[in-house]
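J.: Take a look at this one; I'll ask things after.
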Amino acid sequence: MEEHVLAAVVQIRSGRIEARPKRDGKLRHVIESQQFTVPLLMELFDRARGMERVVARGGSLEYQNRIMATLFYAPSTRTRLSFEAAMHRLGGRILSTEHAQAFSSEIDGEQVEDTIRIIGGYSDVIVIRHYQEGGAKRAAQVSPVPVINAGDSEGGQHPTQALLDLYTIYRERPLDGLSVAIIGELDKGRTARSLAYLLAKFERVKIFFVSPPELQMKPDILSYLDEHGVHYELEPDMNRVIGEVDVVYQTRIRPERTSGSLQQYAINSALLPKMKQDVLILHPLPRTVELDQSVDQDPRALYFRQAQNGLYVRMALLTLLLEKN
Ligand code: CP
């Protein structure tokens with residue numbers, strides 16, 4: 001077993017999930033971005049490139065005896081359906097609850113721990129989106145099979161989104177030396193939070209967190225960046241950085257959460273000439289007013305390709321987990 005795979009293994013002890021070597025070298029659960037080392041990311045991205053070819057030829061039957069359960073307590077279009085498409089393309093089968101708060105026994109008061117113990121007996125991997133921060137971690141603590149966090153609450157994490165975001169950037173340019181503007185409602189931005197952790201793994205990265213001051217990135221992420229020597233700035237004015245960065249990562253801002261003008265943080269066709277010629281414009285989607293449809297035709301707008309990459313990255317991740325467990 002290679003060192004980097006060992007290093008990314010997650011163990012759960014005393015209620016904490018820790019990234020540390022495990023004797024059998026298995027990658028167990030995917031709960032937060034910090035688990036991933038650079039070599040493991042590269043292994044995942046190599047596999048994702050391979051999955052692009054697998055999908056182009058219609059898929060594989062390699063995982064036909066494996067079952068994935070998707071347990072979504074909160075709405076999703078991309079994450080649930082791309083995980084399910086991923087398992088189908090790998091030849092596997094699916095058990096799915098898309099509205100688990102109403103259509104699982106939670107409605108009768110069942111705790112997520114009991115639900116997971118049961119579903120873990122029916123499946124080989126569980127993908128969960130929980131409405132509480134830490135919901136996926138609670139699931140992982142009792143699960144007999146790997147658990148993947150598909151987004152927990154608003155201020156938690158969405159690690160597989162960050163993996164596909166980073167893969168989309170990686171397909172275009174080197175990750176070392178990147179400057180990235182992460183824009184939006186960052187205090188509750190689980191995709192932004194997970195991406196910041198991943199970007200921190202690379203050399204000479206600069207992150208500009210662009211947000212109204214009351215919605216800025218929370219101290220846990222900023223402390224992590226400080227500890228890892230990552231350059232970042234908190235910036236309330238998008239215009240000061242939009243022309244400087246290699247990647248514009250736009251996320252939502254809900255009007256009811258700020259007293260300021262949302263237009264200050266919106267990307268539209270008027271802003272495009274101010275950006276670098278080769279900037280990458282990303283958004284985890286869904287979008288509303290913060291990203292105008294007039295941007296879609298610009299060749300630098302990659303968000304639909306980004307969503308497509310979710311299929312390849314999630315296929316790659318499933319193979320990593322199912323193979324090593
Ligand atoms: N980006 C993302 O998580 O989208 P969904 O909410 O549609 O899954």
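Note on naming: chains are A, B, ... as they come in the structure tokens, residues start from 1 per chain, ligands start from 1 in the order shown.
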From the DSSP assignment of the backbone, select every residue of stretch 27-91 of chain A that is strand (DSSP E), and format the answer as JSON, numbers by chain.
T.: {"A": [67, 68, 69, 70, 71, 72]}
J.: For those residues, write N, CA, C and O atoms to a file as a PDB file, in the first residue's frame.
T.:
```
ATOM      1  N   ILE A  67     -23.567  -2.118  -4.278  1.00  0.00           N
ATOM      2  CA  ILE A  67     -24.770  -1.293  -4.091  1.00  0.00           C
ATOM      3  C   ILE A  67     -24.391  -0.013  -3.359  1.00  0.00           C
ATOM      4  O   ILE A  67     -23.693  -0.049  -2.338  1.00  0.00           O
ATOM      5  N   MET A  68     -24.855   1.110  -3.898  1.00  0.00           N
ATOM      6  CA  MET A  68     -24.666   2.411  -3.243  1.00  0.00           C
ATOM      7  C   MET A  68     -26.028   2.904  -2.751  1.00  0.00           C
ATOM      8  O   MET A  68     -27.011   2.869  -3.507  1.00  0.00           O
ATOM      9  N   ALA A  69     -26.093   3.361  -1.507  1.00  0.00           N
ATOM     10  CA  ALA A  69     -27.319   3.981  -0.995  1.00  0.00           C
ATOM     11  C   ALA A  69     -27.129   5.492  -0.970  1.00  0.00           C
ATOM     12  O   ALA A  69     -26.093   5.981  -0.502  1.00  0.00           O
ATOM     13  N   THR A  70     -28.104   6.231  -1.484  1.00  0.00           N
ATOM     14  CA  THR A  70     -28.079   7.696  -1.365  1.00  0.00           C
ATOM     15  C   THR A  70     -29.202   8.108  -0.428  1.00  0.00           C
ATOM     16  O   THR A  70     -30.367   7.756  -0.636  1.00  0.00           O
ATOM     17  N   LEU A  71     -28.811   8.826   0.622  1.00  0.00           N
ATOM     18  CA  LEU A  71     -29.737   9.195   1.692  1.00  0.00           C
ATOM     19  C   LEU A  71     -29.676  10.716   1.823  1.00  0.00           C
ATOM     20  O   LEU A  71     -28.758  11.258   2.426  1.00  0.00           O
ATOM     21  N   PHE A  72     -30.630  11.388   1.213  1.00  0.00           N
ATOM     22  CA  PHE A  72     -30.602  12.855   1.157  1.00  0.00           C
ATOM     23  C   PHE A  72     -31.717  13.435   2.009  1.00  0.00           C
ATOM     24  O   PHE A  72     -32.896  13.287   1.691  1.00  0.00           O
TER      25      PHE A  72
END
```
J.: Write out as a Markdown table the residues of chain A that have any atom within 9 Å of an atom of ligand 1, one row each with the nearest atom pair and its distance in Å to one decimal, counting only C-alpha atoms and all ligand atoms, sorted by chain and then rising number.
T.:
```
| residue | atom | partner | partner_atom_place_in_ligand_line | distance |
| --- | --- | --- | --- | --- |
| A:Ala74 | CA | ligand 1 | 6 (O) | 8.4 |
| A:Pro75 | CA | ligand 1 | 6 (O) | 6.3 |
| A:Ser76 | CA | ligand 1 | 8 (O) | 3.8 |
| A:Thr77 | CA | ligand 1 | 7 (O) | 3.4 |
| A:Arg78 | CA | ligand 1 | 7 (O) | 3.9 |
| A:Thr79 | CA | ligand 1 | 8 (O) | 3.6 |
| A:Arg80 | CA | ligand 1 | 8 (O) | 6.0 |
| A:Leu81 | CA | ligand 1 | 8 (O) | 7.8 |
| A:Ser82 | CA | ligand 1 | 8 (O) | 8.4 |
| A:Arg129 | CA | ligand 1 | 8 (O) | 9.0 |
| A:Ala150 | CA | ligand 1 | 3 (O) | 7.5 |
| A:Gly151 | CA | ligand 1 | 3 (O) | 6.9 |
| A:His158 | CA | ligand 1 | 3 (O) | 7.3 |
| A:Thr160 | CA | ligand 1 | 3 (O) | 8.8 |
| A:Gln161 | CA | ligand 1 | 1 (N) | 6.3 |
| A:Thr191 | CA | ligand 1 | 1 (N) | 7.6 |
| A:His283 | CA | ligand 1 | 1 (N) | 8.1 |
| A:Pro284 | CA | ligand 1 | 1 (N) | 4.3 |
| A:Leu285 | CA | ligand 1 | 1 (N) | 4.9 |
| A:Pro286 | CA | ligand 1 | 4 (O) | 6.0 |
| A:Ala307 | CA | ligand 1 | 1 (N) | 7.6 |
```
J.: Would you tabulate, counting only C-alpha atoms, all residues of stretch 140-228 of chain A that have an atom at most 8 Å from an atom of stretch 115-123 of chain A, showing the closest pair of atoms and their distance in Å to one decimal, sorted by chain then ascending number, as a Markdown table?
T.:
```
| residue | atom | partner | partner_atom | distance |
| --- | --- | --- | --- | --- |
| A:Val142 | CA | A:Arg117 | CA | 6.5 |
| A:Ser143 | CA | A:Arg117 | CA | 5.7 |
| A:Pro144 | CA | A:Gly120 | CA | 5.6 |
| A:Val145 | CA | A:Gly120 | CA | 5.7 |
```
J.: Report the distance between atom CA of A:Val180 and atom CA of A:Gln297 in Å, rounded to one decimal place.
T.: 21.6 Å
J.: Might you pull out every residue within 9 Å of A:Gly135, with only C-alpha atoms counted and same-chain residues fewer than 4 positions away left off, and present them as a PDB file with all heavy atoms, in the first residue's frame?
T.:
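The result, written out as around.pdb:
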```pdb
ATOM      1  N   VAL A 112     -30.404   9.269  13.091  1.00  0.00           N
ATOM      2  CA  VAL A 112     -29.614   8.944  11.907  1.00  0.00           C
ATOM      3  C   VAL A 112     -28.703   7.737  12.168  1.00  0.00           C
ATOM      4  O   VAL A 112     -28.446   6.928  11.259  1.00  0.00           O
ATOM      5  CB  VAL A 112     -28.824  10.176  11.406  1.00  0.00           C
ATOM      6  CG1 VAL A 112     -27.701  10.561  12.348  1.00  0.00           C
ATOM      7  CG2 VAL A 112     -28.303   9.964  10.002  1.00  0.00           C
ATOM      8  N   ILE A 128     -24.549  10.540   1.978  1.00  0.00           N
ATOM      9  CA  ILE A 128     -25.546  11.202   2.819  1.00  0.00           C
ATOM     10  C   ILE A 128     -25.418  12.725   2.739  1.00  0.00           C
ATOM     11  O   ILE A 128     -24.318  13.272   2.793  1.00  0.00           O
ATOM     12  CB  ILE A 128     -25.431  10.738   4.292  1.00  0.00           C
ATOM     13  CG1 ILE A 128     -26.494  11.419   5.164  1.00  0.00           C
ATOM     14  CG2 ILE A 128     -24.044  10.959   4.868  1.00  0.00           C
ATOM     15  CD1 ILE A 128     -26.604  10.839   6.576  1.00  0.00           C
ATOM     16  N   ARG A 129     -26.546  13.382   2.545  1.00  0.00           N
ATOM     17  CA  ARG A 129     -26.632  14.840   2.730  1.00  0.00           C
ATOM     18  C   ARG A 129     -27.551  15.070   3.914  1.00  0.00           C
ATOM     19  O   ARG A 129     -28.742  14.742   3.841  1.00  0.00           O
ATOM     20  CB  ARG A 129     -27.166  15.539   1.477  1.00  0.00           C
ATOM     21  CG  ARG A 129     -27.437  17.026   1.721  1.00  0.00           C
ATOM     22  CD  ARG A 129     -27.747  17.791   0.460  1.00  0.00           C
ATOM     23  NE  ARG A 129     -26.541  17.989  -0.335  1.00  0.00           N
ATOM     24  CZ  ARG A 129     -26.511  18.706  -1.467  1.00  0.00           C
ATOM     25  NH1 ARG A 129     -27.617  19.279  -1.922  1.00  0.00           N
ATOM     26  NH2 ARG A 129     -25.378  18.828  -2.139  1.00  0.00           N
ATOM     27  N   HIS A 130     -26.971  15.596   4.994  1.00  0.00           N
ATOM     28  CA  HIS A 130     -27.755  15.783   6.217  1.00  0.00           C
ATOM     29  C   HIS A 130     -27.970  17.266   6.471  1.00  0.00           C
ATOM     30  O   HIS A 130     -27.153  18.086   6.085  1.00  0.00           O
ATOM     31  CB  HIS A 130     -27.049  15.125   7.407  1.00  0.00           C
ATOM     32  CG  HIS A 130     -27.973  14.812   8.537  1.00  0.00           C
ATOM     33  ND1 HIS A 130     -28.136  15.649   9.613  1.00  0.00           N
ATOM     34  CD2 HIS A 130     -28.824  13.767   8.726  1.00  0.00           C
ATOM     35  CE1 HIS A 130     -29.038  15.123  10.446  1.00  0.00           C
ATOM     36  NE2 HIS A 130     -29.474  13.982   9.930  1.00  0.00           N
ATOM     37  N   TYR A 131     -29.068  17.571   7.116  1.00  0.00           N
ATOM     38  CA  TYR A 131     -29.419  18.982   7.349  1.00  0.00           C
ATOM     39  C   TYR A 131     -28.710  19.570   8.568  1.00  0.00           C
ATOM     40  O   TYR A 131     -28.779  20.772   8.795  1.00  0.00           O
ATOM     41  CB  TYR A 131     -30.941  19.137   7.506  1.00  0.00           C
ATOM     42  CG  TYR A 131     -31.535  18.249   8.576  1.00  0.00           C
ATOM     43  CD1 TYR A 131     -31.627  18.666   9.898  1.00  0.00           C
ATOM     44  CD2 TYR A 131     -31.972  16.959   8.258  1.00  0.00           C
ATOM     45  CE1 TYR A 131     -32.144  17.834  10.881  1.00  0.00           C
ATOM     46  CE2 TYR A 131     -32.492  16.117   9.231  1.00  0.00           C
ATOM     47  CZ  TYR A 131     -32.570  16.567  10.539  1.00  0.00           C
ATOM     48  OH  TYR A 131     -33.071  15.743  11.507  1.00  0.00           O
ATOM     49  N   ALA A 139     -22.970   9.774  11.127  1.00  0.00           N
ATOM     50  CA  ALA A 139     -23.247   8.565  10.338  1.00  0.00           C
ATOM     51  C   ALA A 139     -22.000   7.689  10.247  1.00  0.00           C
ATOM     52  O   ALA A 139     -22.057   6.465  10.428  1.00  0.00           O
ATOM     53  CB  ALA A 139     -23.743   8.965   8.945  1.00  0.00           C
ATOM     54  N   ALA A 140     -20.865   8.323   9.985  1.00  0.00           N
ATOM     55  CA  ALA A 140     -19.619   7.564   9.813  1.00  0.00           C
ATOM     56  C   ALA A 140     -19.224   6.836  11.097  1.00  0.00           C
ATOM     57  O   ALA A 140     -18.626   5.756  11.057  1.00  0.00           O
ATOM     58  CB  ALA A 140     -18.498   8.509   9.379  1.00  0.00           C
ATOM     59  N   ASN A 149     -19.828  12.233   2.700  1.00  0.00           N
ATOM     60  CA  ASN A 149     -20.564  13.450   3.039  1.00  0.00           C
ATOM     61  C   ASN A 149     -20.919  14.191   1.746  1.00  0.00           C
ATOM     62  O   ASN A 149     -20.049  14.708   1.053  1.00  0.00           O
ATOM     63  CB  ASN A 149     -19.689  14.332   3.938  1.00  0.00           C
ATOM     64  CG  ASN A 149     -20.360  15.624   4.338  1.00  0.00           C
ATOM     65  OD1 ASN A 149     -21.522  15.861   4.005  1.00  0.00           O
ATOM     66  ND2 ASN A 149     -19.625  16.466   5.045  1.00  0.00           N
ATOM     67  N   ASP A 152     -23.135  18.808   4.428  1.00  0.00           N
ATOM     68  CA  ASP A 152     -23.862  18.803   5.695  1.00  0.00           C
ATOM     69  C   ASP A 152     -24.151  20.223   6.127  1.00  0.00           C
ATOM     70  O   ASP A 152     -23.261  21.048   6.290  1.00  0.00           O
ATOM     71  CB  ASP A 152     -23.162  17.988   6.783  1.00  0.00           C
ATOM     72  CG  ASP A 152     -21.755  18.431   7.127  1.00  0.00           C
ATOM     73  OD1 ASP A 152     -21.147  19.150   6.327  1.00  0.00           O
ATOM     74  OD2 ASP A 152     -21.276  18.049   8.198  1.00  0.00           O
ATOM     75  N   SER A 153     -25.427  20.478   6.265  1.00  0.00           N
ATOM     76  CA  SER A 153     -25.927  21.762   6.732  1.00  0.00           C
ATOM     77  C   SER A 153     -25.388  22.896   5.848  1.00  0.00           C
ATOM     78  O   SER A 153     -24.928  22.686   4.731  1.00  0.00           O
ATOM     79  CB  SER A 153     -25.545  21.947   8.196  1.00  0.00           C
ATOM     80  OG  SER A 153     -26.050  23.153   8.681  1.00  0.00           O
TER      81      SER A 153
END
```
J.: Nearest residue to A:Glu52 out of A:Arg254, A:Arg193, A:His228, A:Arg314, using only C-alpha atoms?
T.: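 For A:Glu52, the nearest of the candidates is A:Arg314.
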J.: I'd like to know which residues of stretch 174-240 of chain A are alpha helix (DSSP H) (by DSSP, run on the backbone); could you write them as number ranges by chain?
T.: A: 190-199, 219-227
J.: Go ahead and write the selection's residues with C-alpha atoms as a PDB file, in the first residue's frame.
T.:
```
ATOM      1  CA  ARG A 190     -19.995  24.703   2.580  1.00  0.00           C
ATOM      2  CA  THR A 191     -18.519  24.437  -0.933  1.00  0.00           C
ATOM      3  CA  ALA A 192     -16.327  27.499  -0.342  1.00  0.00           C
ATOM      4  CA  ARG A 193     -15.202  26.119   2.999  1.00  0.00           C
ATOM      5  CA  SER A 194     -14.254  22.728   1.555  1.00  0.00           C
ATOM      6  CA  LEU A 195     -12.471  24.284  -1.407  1.00  0.00           C
ATOM      7  CA  ALA A 196     -10.395  26.547   0.851  1.00  0.00           C
ATOM      8  CA  TYR A 197      -9.121  23.496   2.718  1.00  0.00           C
ATOM      9  CA  LEU A 198      -8.111  21.796  -0.540  1.00  0.00           C
ATOM     10  CA  LEU A 199      -6.420  24.861  -2.015  1.00  0.00           C
ATOM     11  CA  PRO A 219     -12.423  31.751  11.879  1.00  0.00           C
ATOM     12  CA  ASP A 220     -11.983  27.959  11.746  1.00  0.00           C
ATOM     13  CA  ILE A 221     -10.929  28.138   8.086  1.00  0.00           C
ATOM     14  CA  LEU A 222      -8.826  31.260   8.589  1.00  0.00           C
ATOM     15  CA  SER A 223      -6.975  29.636  11.496  1.00  0.00           C
ATOM     16  CA  TYR A 224      -6.294  26.574   9.347  1.00  0.00           C
ATOM     17  CA  LEU A 225      -4.877  28.785   6.591  1.00  0.00           C
ATOM     18  CA  ASP A 226      -2.748  30.669   9.133  1.00  0.00           C
ATOM     19  CA  GLU A 227      -1.401  27.415  10.527  1.00  0.00           C
TER      20      GLU A 227
END
```
J.: Considering only C-alpha atoms, can you say which of A:Val230, A:Val54, A:Ile281, A:Leu321 comes closest to A:Gly177?
T.: A:Val230
J.: Pick the closest to A:Arg173 from A:Met42, A:Leu90, A:Leu280, A:Ile107: which is it, counting only C-alpha atoms?
T.: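 Checking each of A:Met42, A:Leu90, A:Leu280, A:Ile107 against A:Arg173, counting only C-alpha atoms, the winner is A:Leu280.
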J.: Nearest residue to A:Ser211 out of A:Tyr249, A:Tyr232, A:Tyr167, A:Tyr265, using only C-alpha atoms?
T.: A:Tyr265
J.: Report, in Å with one decimal, the straight-line distance from atom CA of A:Met87 to atom CA of A:Met315.
T.: 6.7 Å
J.: Within 8 Å of A:Ala316, counting only C-alpha atoms, which residues qualify if same-chain residues fewer than 3 places away don't, as a ChimeraX atom specification?
T.: /A:44-45,47-48,51,312-313,319-320
J.: Could you please determine the separation between atom CA of A:Phe36 and atom CA of A:Arg89 in Å, to one decimal place?
T.: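 According to the coordinates, atom CA of A:Phe36 and atom CA of A:Arg89 are separated by 24.5 Å.
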J.: Pick from A:Pro174, A:His99, A:Gly189, A:Asp246: nearest to A:Phe208, with only C-alpha atoms counted?
T.: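 That would be A:Asp246, the residue with the smallest distance to A:Phe208.
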